[in-house]
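Undergrad: Here it is: the structure, laid out below.
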Amino acid sequence: MALLRLWSLQRKQRLQTSTLMNGLVDGFCSSRPISSTSGSQSALDGIKVLDLTRIVAGPFCTMVLGDLGAEIIKIEQPGTGDESRIWGPPFCEGSSMSCYFASVNRNKKSVCVDFKTSQGLDVIKDLVLQCDVLVENFVPGKLGKFGLDYDSIHSFAPHLIYCSITGFGTEGPYKQKPGYDVIASSYGGLLHITGPQDGGPCKPGVALTDIATGLYAHGAIMAALLQRNKDGKGQRIDCDLLSTQISCLINVASNYLNAGLEGGRYGTAHPSIVPYESFPTANGYLTVGAGSNQQFCSLCKVLHMEHLLQDERYSSNSARVENRCSLIEELSRTFATKTTEEWMAVLEGSPFPFGPVNTVSQVFNDAHVKEIKLVKSMTLEGGGSEVRVVGPPVRFSGSQNSVRLPPPLLGQHTRHVLKDLLDYSDDKILQLIESGVVQ
């Protein structure tokens, strides 16, 4: 009970500055409206997130929360830290930080704590009392050995929103399996439907299942914060890679569940829309889509292939899907006669979607990408190295969604968090450092 009273007092003081959570302690029933923001404020100002994640899915989730203004306290193992720190080369120029780690860990504070020790565990529990959200991606049951599972934490911090990100969830025969993006993508069918039609399964170029899971988790946490604003209660959230991947099968899943149609590989093509794929040009590739009869008509006219409009085989989308091979063969011959740049000029102003298949260097040198200033530059701690990241893709008219802090060096914020957030004395911090509990 004393611990709960301490938590209540600490939390009441802390929440006075939280714009999202005004009135939480007094039943979460405050009638005071949330005031409009001037653009200098962030939606999650005052929200603190204890981040016990590493690799991609969890860090991506907490990075998005950090962009929205939450204070992210990233807990890392002393000496090694997040495994992705060494996933290189390449490394950020002039730094030992991997480009991989830098891509998903901005707007965070790194605190090194060995919670396998009793003192380290006390530090984590003290941080729990100060935070609104905990995100973890350990194998189910692992944190229970340290008393950091949801039930244990809920007993002394009922306000906490506890989000678990796992490979296969907390139920079922696979629950103890380690979860990685490519494995969930294999189990979940993504690799089976990705790649050339006559080739083997292919992994997407980035960890799409991890990213999608991180986004699901971020949205779930936002919903839980709103729910807590109504009833004052924390809750547990379970997100897993496999369920996420299966949910992302969308139309392919529906095709099987409702029509018994097995999914397959179509390269860049679409199983239900024709034409809708990339075509080789004289010097690269161009992607074109015609999702309606009107768009197909416009495509034929701009290509001077009006004869296709008189062919019954291509009179509707269903007919074009049925006669995919012959239509794509004709279109391919035409697209191969000009360069991608020439076709972009010819198609300019057309009512159907089209675009070049860019290399990564072409992406970041594209005039549109430069003008919207999506890439942000920051200087790492110490001022010696610059790191560039892709900033938040979402903009708000009344609040900030921004890059504020560069990816942290290992243990960069340990002293700051222990002293300023937990109010530890200098002597206590020094003792923890010398004993190896923190770094």
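For the structure tokens, the naming scheme is as follows: chains receive sequential letters (A, B, ...) according to their order of presentation, residues are indexed from 1 within each chain, and ligands are indexed from 1 in presentation order.
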Can you list, as an MDAnalysis selection string, all residues belonging to stretch 267-340 of chain A that DSSP tags as strand (DSSP E or B)?
TA: chainID A and resid 276:280 285:289
Undergrad: Keeping only all heavy atoms, write the selected residues as a PDB file, in the first residue's frame.
TA:
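Wrote it out as out-v7.pdb, contents follow:
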```pdb
ATOM      1  N   TYR A 276      -1.341  -3.864 -64.420  1.00  0.00           N
ATOM      2  CA  TYR A 276      -0.990  -3.255 -63.138  1.00  0.00           C
ATOM      3  C   TYR A 276       0.357  -3.844 -62.732  1.00  0.00           C
ATOM      4  O   TYR A 276       0.424  -4.732 -61.894  1.00  0.00           O
ATOM      5  CB  TYR A 276      -2.059  -3.575 -62.093  1.00  0.00           C
ATOM      6  CG  TYR A 276      -2.020  -2.746 -60.836  1.00  0.00           C
ATOM      7  CD1 TYR A 276      -2.856  -1.649 -60.682  1.00  0.00           C
ATOM      8  CD2 TYR A 276      -1.158  -3.075 -59.795  1.00  0.00           C
ATOM      9  CE1 TYR A 276      -2.845  -0.891 -59.523  1.00  0.00           C
ATOM     10  CE2 TYR A 276      -1.134  -2.330 -58.630  1.00  0.00           C
ATOM     11  CZ  TYR A 276      -1.979  -1.237 -58.491  1.00  0.00           C
ATOM     12  OH  TYR A 276      -1.961  -0.490 -57.327  1.00  0.00           O
ATOM     13  N   GLU A 277       1.436  -3.374 -63.355  1.00  0.00           N
ATOM     14  CA  GLU A 277       2.756  -3.962 -63.104  1.00  0.00           C
ATOM     15  C   GLU A 277       3.857  -3.100 -63.710  1.00  0.00           C
ATOM     16  O   GLU A 277       3.588  -2.065 -64.323  1.00  0.00           O
ATOM     17  CB  GLU A 277       2.828  -5.363 -63.687  1.00  0.00           C
ATOM     18  CG  GLU A 277       2.667  -5.446 -65.201  1.00  0.00           C
ATOM     19  CD  GLU A 277       2.664  -6.884 -65.691  1.00  0.00           C
ATOM     20  OE1 GLU A 277       1.580  -7.510 -65.672  1.00  0.00           O
ATOM     21  OE2 GLU A 277       3.757  -7.356 -66.042  1.00  0.00           O
ATOM     22  N   SER A 278       5.088  -3.552 -63.519  1.00  0.00           N
ATOM     23  CA  SER A 278       6.246  -2.860 -64.085  1.00  0.00           C
ATOM     24  C   SER A 278       6.595  -3.450 -65.449  1.00  0.00           C
ATOM     25  O   SER A 278       6.588  -4.672 -65.620  1.00  0.00           O
ATOM     26  CB  SER A 278       7.451  -2.989 -63.143  1.00  0.00           C
ATOM     27  OG  SER A 278       7.180  -2.387 -61.903  1.00  0.00           O
ATOM     28  N   PHE A 279       6.919  -2.555 -66.393  1.00  0.00           N
ATOM     29  CA  PHE A 279       7.281  -2.974 -67.745  1.00  0.00           C
ATOM     30  C   PHE A 279       8.725  -2.569 -68.026  1.00  0.00           C
ATOM     31  O   PHE A 279       9.134  -1.443 -67.694  1.00  0.00           O
ATOM     32  CB  PHE A 279       6.366  -2.311 -68.776  1.00  0.00           C
ATOM     33  CG  PHE A 279       4.933  -2.756 -68.689  1.00  0.00           C
ATOM     34  CD1 PHE A 279       4.018  -2.069 -67.895  1.00  0.00           C
ATOM     35  CD2 PHE A 279       4.501  -3.862 -69.402  1.00  0.00           C
ATOM     36  CE1 PHE A 279       2.693  -2.473 -67.817  1.00  0.00           C
ATOM     37  CE2 PHE A 279       3.173  -4.286 -69.335  1.00  0.00           C
ATOM     38  CZ  PHE A 279       2.272  -3.590 -68.537  1.00  0.00           C
ATOM     39  N   PRO A 280       9.492  -3.434 -68.667  1.00  0.00           N
ATOM     40  CA  PRO A 280      10.852  -3.042 -69.070  1.00  0.00           C
ATOM     41  C   PRO A 280      10.792  -1.952 -70.133  1.00  0.00           C
ATOM     42  O   PRO A 280       9.981  -2.021 -71.072  1.00  0.00           O
ATOM     43  CB  PRO A 280      11.436  -4.347 -69.640  1.00  0.00           C
ATOM     44  CG  PRO A 280      10.554  -5.435 -69.130  1.00  0.00           C
ATOM     45  CD  PRO A 280       9.202  -4.846 -68.983  1.00  0.00           C
ATOM     46  N   TYR A 285      12.806   0.397 -65.896  1.00  0.00           N
ATOM     47  CA  TYR A 285      11.453  -0.133 -65.713  1.00  0.00           C
ATOM     48  C   TYR A 285      10.489   1.010 -65.419  1.00  0.00           C
ATOM     49  O   TYR A 285      10.864   2.017 -64.790  1.00  0.00           O
ATOM     50  CB  TYR A 285      11.408  -1.143 -64.563  1.00  0.00           C
ATOM     51  CG  TYR A 285      12.122  -2.436 -64.858  1.00  0.00           C
ATOM     52  CD1 TYR A 285      13.491  -2.564 -64.600  1.00  0.00           C
ATOM     53  CD2 TYR A 285      11.450  -3.526 -65.400  1.00  0.00           C
ATOM     54  CE1 TYR A 285      14.154  -3.743 -64.875  1.00  0.00           C
ATOM     55  CE2 TYR A 285      12.104  -4.714 -65.680  1.00  0.00           C
ATOM     56  CZ  TYR A 285      13.459  -4.814 -65.417  1.00  0.00           C
ATOM     57  OH  TYR A 285      14.125  -5.991 -65.692  1.00  0.00           O
ATOM     58  N   LEU A 286       9.254   0.812 -65.844  1.00  0.00           N
ATOM     59  CA  LEU A 286       8.192   1.779 -65.611  1.00  0.00           C
ATOM     60  C   LEU A 286       6.968   1.017 -65.104  1.00  0.00           C
ATOM     61  O   LEU A 286       6.579   0.001 -65.683  1.00  0.00           O
ATOM     62  CB  LEU A 286       7.831   2.501 -66.911  1.00  0.00           C
ATOM     63  CG  LEU A 286       6.715   3.544 -66.833  1.00  0.00           C
ATOM     64  CD1 LEU A 286       7.235   4.810 -66.162  1.00  0.00           C
ATOM     65  CD2 LEU A 286       6.184   3.855 -68.225  1.00  0.00           C
ATOM     66  N   THR A 287       6.377   1.508 -64.009  1.00  0.00           N
ATOM     67  CA  THR A 287       5.190   0.866 -63.458  1.00  0.00           C
ATOM     68  C   THR A 287       3.943   1.619 -63.903  1.00  0.00           C
ATOM     69  O   THR A 287       3.875   2.844 -63.793  1.00  0.00           O
ATOM     70  CB  THR A 287       5.250   0.827 -61.924  1.00  0.00           C
ATOM     71  OG1 THR A 287       6.462   0.176 -61.519  1.00  0.00           O
ATOM     72  CG2 THR A 287       4.073   0.071 -61.352  1.00  0.00           C
ATOM     73  N   VAL A 288       2.970   0.864 -64.399  1.00  0.00           N
ATOM     74  CA  VAL A 288       1.730   1.451 -64.896  1.00  0.00           C
ATOM     75  C   VAL A 288       0.559   0.656 -64.336  1.00  0.00           C
ATOM     76  O   VAL A 288       0.608  -0.573 -64.264  1.00  0.00           O
ATOM     77  CB  VAL A 288       1.672   1.426 -66.444  1.00  0.00           C
ATOM     78  CG1 VAL A 288       0.325   1.949 -66.938  1.00  0.00           C
ATOM     79  CG2 VAL A 288       2.800   2.252 -67.030  1.00  0.00           C
ATOM     80  N   GLY A 289      -0.496   1.360 -63.951  1.00  0.00           N
ATOM     81  CA  GLY A 289      -1.688   0.702 -63.455  1.00  0.00           C
ATOM     82  C   GLY A 289      -2.931   1.237 -64.141  1.00  0.00           C
ATOM     83  O   GLY A 289      -3.051   2.441 -64.368  1.00  0.00           O
TER      84      GLY A 289
END
```
Undergrad: With DSSP run on the backbone, what are the alpha helix (DSSP H) residues within stretch 205-349 of chain A? I'd like them as an NGL selection string.
TA: :A and (208-231 or 241-247 or 250-259 or 293-302 or 317-322 or 324-335 or 340-347)
Undergrad: Skip A:Gly383 itself and residues of its chain fewer than 3 positions away, then list as a list in words all residues within 12 Å of it, counting only C-alpha atoms.
TA: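 So the residues in contact are Gly94, Ser95, Met378, Thr379, Leu380, Glu386, Val387, Pro406 and Leu409 of chain A.
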Undergrad: Could you dump the residues just selected with C-alpha atoms as a PDB file, in the first residue's frame?
TA:
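File written: selection-v6.pdb
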```
ATOM      1  CA  GLY A  94      32.795   8.599 -38.439  1.00  0.00           C
ATOM      2  CA  SER A  95      30.862   6.490 -35.921  1.00  0.00           C
ATOM      3  CA  MET A 378      21.350  15.470 -36.925  1.00  0.00           C
ATOM      4  CA  THR A 379      24.674  15.458 -35.124  1.00  0.00           C
ATOM      5  CA  LEU A 380      25.499  12.556 -32.831  1.00  0.00           C
ATOM      6  CA  GLU A 386      26.310  13.585 -38.782  1.00  0.00           C
ATOM      7  CA  VAL A 387      23.495  11.109 -39.237  1.00  0.00           C
ATOM      8  CA  PRO A 406      19.598  11.829 -32.808  1.00  0.00           C
ATOM      9  CA  LEU A 409      25.057   6.434 -28.078  1.00  0.00           C
TER      10      LEU A 409
END
```
Undergrad: Using only C-alpha atoms, pick whichever of A:Gly66, A:Gly436, A:Gly214, A:Gly120 has the shortest atom-to-atom distance to A:Asn401.
TA: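 With only C-alpha atoms as the atom set, the closest residue is A:Gly66.
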Undergrad: Go ahead and compute the interatomic distance for atom CA of A:Cys112 and atom CA of A:Lys74, in Å to one decimal.
TA: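 Those two atoms sit 8.2 Å apart.
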Undergrad: Measuring between only C-alpha atoms, which one of A:Leu121, A:Leu327, A:Met222, A:Met97 shows the shortest distance to A:Thr62?
TA: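 Closest to A:Thr62, using only C-alpha atoms: A:Met222.
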Undergrad: Point out the residue among A:Cys99, A:Ala184, A:Leu242, A:Ala336 with the least atom-to-atom distance to A:Asn283, counting only C-alpha atoms.
TA: A:Ala336
Undergrad: With distances taken over only C-alpha atoms, which residue among A:Val274, A:Gln227, A:Ala290, A:Ser118 lies nearest A:Ile328?
TA: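 Nearest to A:Ile328: A:Val274.
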Undergrad: Taking only C-alpha atoms into account, name the residue in A:Ile273, A:Phe60, A:Leu309, A:Asn293 that is nearest to A:Ser103.
TA: A:Phe60
Undergrad: Skipping near chain neighbours, those fewer than 2 positions away, what residues fall within 12 Å of A:Gly141 using only C-alpha atoms, listed as a VMD selection string?
TA: chain A and resid 136 to 139 143 to 152 164 166 169 to 171 175 to 177
Undergrad: I need the residues from that last selection saved to file as a PDB file, in the first residue's frame (with N, CA and C atoms), if you can.
TA:
```pdb
ATOM      1  N   GLU A 136       7.774  -4.143 -24.687  1.00  0.00           N
ATOM      2  CA  GLU A 136       8.816  -5.171 -24.611  1.00  0.00           C
ATOM      3  C   GLU A 136       8.624  -6.185 -25.732  1.00  0.00           C
ATOM      4  N   ASN A 137       9.732  -6.806 -26.143  1.00  0.00           N
ATOM      5  CA  ASN A 137       9.625  -7.837 -27.185  1.00  0.00           C
ATOM      6  C   ASN A 137      10.455  -9.077 -26.853  1.00  0.00           C
ATOM      7  N   PHE A 138      10.352  -9.511 -25.590  1.00  0.00           N
ATOM      8  CA  PHE A 138      11.003 -10.734 -25.159  1.00  0.00           C
ATOM      9  C   PHE A 138      10.125 -11.942 -25.502  1.00  0.00           C
ATOM     10  N   VAL A 139      10.738 -13.116 -25.566  1.00  0.00           N
ATOM     11  CA  VAL A 139       9.981 -14.353 -25.738  1.00  0.00           C
ATOM     12  C   VAL A 139       9.011 -14.485 -24.569  1.00  0.00           C
ATOM     13  N   LEU A 143      10.336 -12.350 -19.208  1.00  0.00           N
ATOM     14  CA  LEU A 143      10.352 -11.281 -18.216  1.00  0.00           C
ATOM     15  C   LEU A 143       9.708 -11.706 -16.900  1.00  0.00           C
ATOM     16  N   GLY A 144       8.875 -12.743 -16.947  1.00  0.00           N
ATOM     17  CA  GLY A 144       8.264 -13.236 -15.714  1.00  0.00           C
ATOM     18  C   GLY A 144       9.287 -13.740 -14.717  1.00  0.00           C
ATOM     19  N   LYS A 145      10.438 -14.191 -15.210  1.00  0.00           N
ATOM     20  CA  LYS A 145      11.499 -14.681 -14.330  1.00  0.00           C
ATOM     21  C   LYS A 145      12.074 -13.558 -13.476  1.00  0.00           C
ATOM     22  N   PHE A 146      11.877 -12.320 -13.920  1.00  0.00           N
ATOM     23  CA  PHE A 146      12.408 -11.169 -13.192  1.00  0.00           C
ATOM     24  C   PHE A 146      11.304 -10.359 -12.518  1.00  0.00           C
ATOM     25  N   GLY A 147      10.088 -10.863 -12.550  1.00  0.00           N
ATOM     26  CA  GLY A 147       8.980 -10.123 -11.978  1.00  0.00           C
ATOM     27  C   GLY A 147       8.598  -8.911 -12.804  1.00  0.00           C
ATOM     28  N   LEU A 148       8.889  -8.967 -14.098  1.00  0.00           N
ATOM     29  CA  LEU A 148       8.572  -7.845 -14.977  1.00  0.00           C
ATOM     30  C   LEU A 148       7.483  -8.201 -15.991  1.00  0.00           C
ATOM     31  N   ASP A 149       6.763  -9.282 -15.733  1.00  0.00           N
ATOM     32  CA  ASP A 149       5.618  -9.626 -16.571  1.00  0.00           C
ATOM     33  C   ASP A 149       4.459  -8.697 -16.241  1.00  0.00           C
ATOM     34  N   TYR A 150       3.427  -8.734 -17.076  1.00  0.00           N
ATOM     35  CA  TYR A 150       2.320  -7.794 -16.904  1.00  0.00           C
ATOM     36  C   TYR A 150       1.642  -7.945 -15.546  1.00  0.00           C
ATOM     37  N   ASP A 151       1.334  -9.173 -15.139  1.00  0.00           N
ATOM     38  CA  ASP A 151       0.610  -9.370 -13.877  1.00  0.00           C
ATOM     39  C   ASP A 151       1.402  -8.832 -12.695  1.00  0.00           C
ATOM     40  N   SER A 152       2.705  -9.075 -12.692  1.00  0.00           N
ATOM     41  CA  SER A 152       3.529  -8.597 -11.573  1.00  0.00           C
ATOM     42  C   SER A 152       3.575  -7.073 -11.538  1.00  0.00           C
ATOM     43  N   SER A 164       3.252  -5.984 -25.321  1.00  0.00           N
ATOM     44  CA  SER A 164       4.182  -7.057 -25.659  1.00  0.00           C
ATOM     45  C   SER A 164       4.170  -7.289 -27.158  1.00  0.00           C
ATOM     46  N   THR A 166       5.667  -9.973 -29.828  1.00  0.00           N
ATOM     47  CA  THR A 166       6.304 -11.289 -29.912  1.00  0.00           C
ATOM     48  C   THR A 166       6.244 -11.804 -31.340  1.00  0.00           C
ATOM     49  N   GLY A 169       2.818 -14.633 -30.575  1.00  0.00           N
ATOM     50  CA  GLY A 169       1.781 -14.410 -29.583  1.00  0.00           C
ATOM     51  C   GLY A 169       2.009 -15.181 -28.302  1.00  0.00           C
ATOM     52  N   THR A 170       1.076 -15.092 -27.391  1.00  0.00           N
ATOM     53  CA  THR A 170       1.207 -15.706 -26.062  1.00  0.00           C
ATOM     54  C   THR A 170       0.396 -16.987 -25.929  1.00  0.00           C
ATOM     55  N   GLU A 171      -0.266 -17.398 -26.999  1.00  0.00           N
ATOM     56  CA  GLU A 171      -1.028 -18.644 -26.999  1.00  0.00           C
ATOM     57  C   GLU A 171      -0.636 -19.463 -28.217  1.00  0.00           C
ATOM     58  N   LYS A 175       4.110 -20.382 -29.465  1.00  0.00           N
ATOM     59  CA  LYS A 175       4.339 -19.203 -28.638  1.00  0.00           C
ATOM     60  C   LYS A 175       5.769 -19.070 -28.122  1.00  0.00           C
ATOM     61  N   GLN A 176       6.497 -20.173 -27.982  1.00  0.00           N
ATOM     62  CA  GLN A 176       7.859 -20.101 -27.479  1.00  0.00           C
ATOM     63  C   GLN A 176       8.901 -19.961 -28.583  1.00  0.00           C
ATOM     64  N   LYS A 177       8.456 -19.959 -29.813  1.00  0.00           N
ATOM     65  CA  LYS A 177       9.413 -19.814 -30.917  1.00  0.00           C
ATOM     66  C   LYS A 177       9.954 -18.388 -30.963  1.00  0.00           C
TER      67      LYS A 177
END
```
Undergrad: Report as a tab-separated table (two decimals) with N, CA, C and O atoms, in the first residue's frame all protein, DNA and RNA residues lying within 10 Å of stretch 314-318 of chain A, evaluated on only C-alpha atoms, omitting residues in the same chain fewer than 3 positions from it.
TA:
```
chain	number	residue	atom	x	y	z
A	272	SER	N	-5.57	-9.45	-59.56
A	272	SER	CA	-6.96	-9.12	-59.88
A	272	SER	C	-7.13	-7.90	-60.77
A	272	SER	O	-8.26	-7.53	-61.09
A	273	ILE	N	-6.03	-7.23	-61.14
A	273	ILE	CA	-6.11	-6.04	-62.00
A	273	ILE	C	-5.08	-6.17	-63.11
A	273	ILE	O	-3.91	-6.45	-62.83
A	274	VAL	N	-5.47	-5.96	-64.34
A	274	VAL	CA	-4.57	-6.01	-65.49
A	274	VAL	C	-4.93	-4.88	-66.45
A	274	VAL	O	-6.12	-4.71	-66.77
A	275	PRO	N	-3.93	-4.07	-66.89
A	275	PRO	CA	-2.52	-4.11	-66.51
A	275	PRO	C	-2.26	-3.36	-65.21
A	275	PRO	O	-2.87	-2.33	-64.96
A	290	ALA	N	-3.84	0.35	-64.49
A	290	ALA	CA	-5.13	0.75	-65.06
A	290	ALA	C	-6.22	0.00	-64.31
A	290	ALA	O	-6.55	-1.14	-64.66
A	291	GLY	N	-6.77	0.62	-63.28
A	291	GLY	CA	-7.71	-0.07	-62.41
A	291	GLY	C	-9.15	0.03	-62.86
A	291	GLY	O	-10.04	-0.51	-62.19
A	292	SER	N	-9.41	0.71	-63.96
A	292	SER	CA	-10.78	0.83	-64.46
A	292	SER	C	-10.76	0.79	-65.98
A	292	SER	O	-9.71	0.97	-66.61
A	293	ASN	N	-11.93	0.59	-66.58
A	293	ASN	CA	-12.02	0.59	-68.04
A	293	ASN	C	-11.65	1.95	-68.61
A	293	ASN	O	-11.04	2.05	-69.68
A	296	PHE	N	-7.90	2.20	-68.63
A	296	PHE	CA	-7.35	1.35	-69.69
A	296	PHE	C	-7.54	2.01	-71.05
A	296	PHE	O	-6.64	1.98	-71.90
A	297	CYS	N	-8.68	2.61	-71.26
A	297	CYS	CA	-8.94	3.32	-72.52
A	297	CYS	C	-7.94	4.45	-72.70
A	297	CYS	O	-7.38	4.63	-73.80
A	308	LEU	N	-6.48	-2.23	-79.30
A	308	LEU	CA	-6.76	-3.08	-78.14
A	308	LEU	C	-8.17	-2.85	-77.62
A	308	LEU	O	-8.78	-3.75	-77.02
A	309	LEU	N	-8.70	-1.65	-77.85
A	309	LEU	CA	-10.04	-1.33	-77.36
A	309	LEU	C	-11.12	-2.04	-78.15
A	309	LEU	O	-12.26	-2.16	-77.69
A	310	GLN	N	-10.76	-2.51	-79.33
A	310	GLN	CA	-11.73	-3.22	-80.17
A	310	GLN	C	-11.67	-4.73	-79.96
A	310	GLN	O	-12.47	-5.46	-80.54
A	311	ASP	N	-10.75	-5.16	-79.14
A	311	ASP	CA	-10.55	-6.59	-78.92
A	311	ASP	C	-11.38	-7.04	-77.72
A	311	ASP	O	-11.21	-6.56	-76.60
A	321	VAL	N	-7.88	-9.88	-67.09
A	321	VAL	CA	-7.24	-10.83	-66.18
A	321	VAL	C	-7.18	-12.21	-66.84
A	321	VAL	O	-6.16	-12.91	-66.76
A	322	GLU	N	-8.24	-12.60	-67.50
A	322	GLU	CA	-8.31	-13.90	-68.17
A	322	GLU	C	-7.29	-14.00	-69.30
A	322	GLU	O	-6.72	-15.06	-69.56
A	323	ASN	N	-7.06	-12.89	-69.96
A	323	ASN	CA	-6.15	-12.87	-71.12
A	323	ASN	C	-4.89	-12.05	-70.82
A	323	ASN	O	-4.36	-11.35	-71.68
A	324	ARG	N	-4.44	-12.16	-69.59
A	324	ARG	CA	-3.30	-11.40	-69.10
A	324	ARG	C	-2.08	-11.53	-70.01
A	324	ARG	O	-1.46	-10.54	-70.41
A	326	SER	N	-1.40	-12.37	-73.19
A	326	SER	CA	-1.37	-11.76	-74.52
A	326	SER	C	-1.36	-10.24	-74.44
A	326	SER	O	-0.65	-9.57	-75.22
A	327	LEU	N	-2.12	-9.66	-73.49
A	327	LEU	CA	-2.15	-8.21	-73.34
A	327	LEU	C	-0.80	-7.68	-72.86
A	327	LEU	O	-0.28	-6.70	-73.41
```
Undergrad: Report, in Å to a single decimal, how far apart atom CA of A:Leu432 and atom CA of A:Pro158 are.
TA: 27.8 Å
Undergrad: Find the residue from A:Pro196, A:Arg333, A:Arg320, A:Ile211 that sits nearest to A:Gly267; use only C-alpha atoms when measuring.
TA: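 Among A:Pro196, A:Arg333, A:Arg320, A:Ile211, it is A:Pro196 that comes nearest to A:Gly267.
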Undergrad: Report the distance between atom CA of A:Glu342 and atom CA of A:Thr194 in Å, rounded to one decimal place.
TA: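 Computing the Euclidean distance for atom CA of A:Glu342 and atom CA of A:Thr194 yields 29.4 Å.
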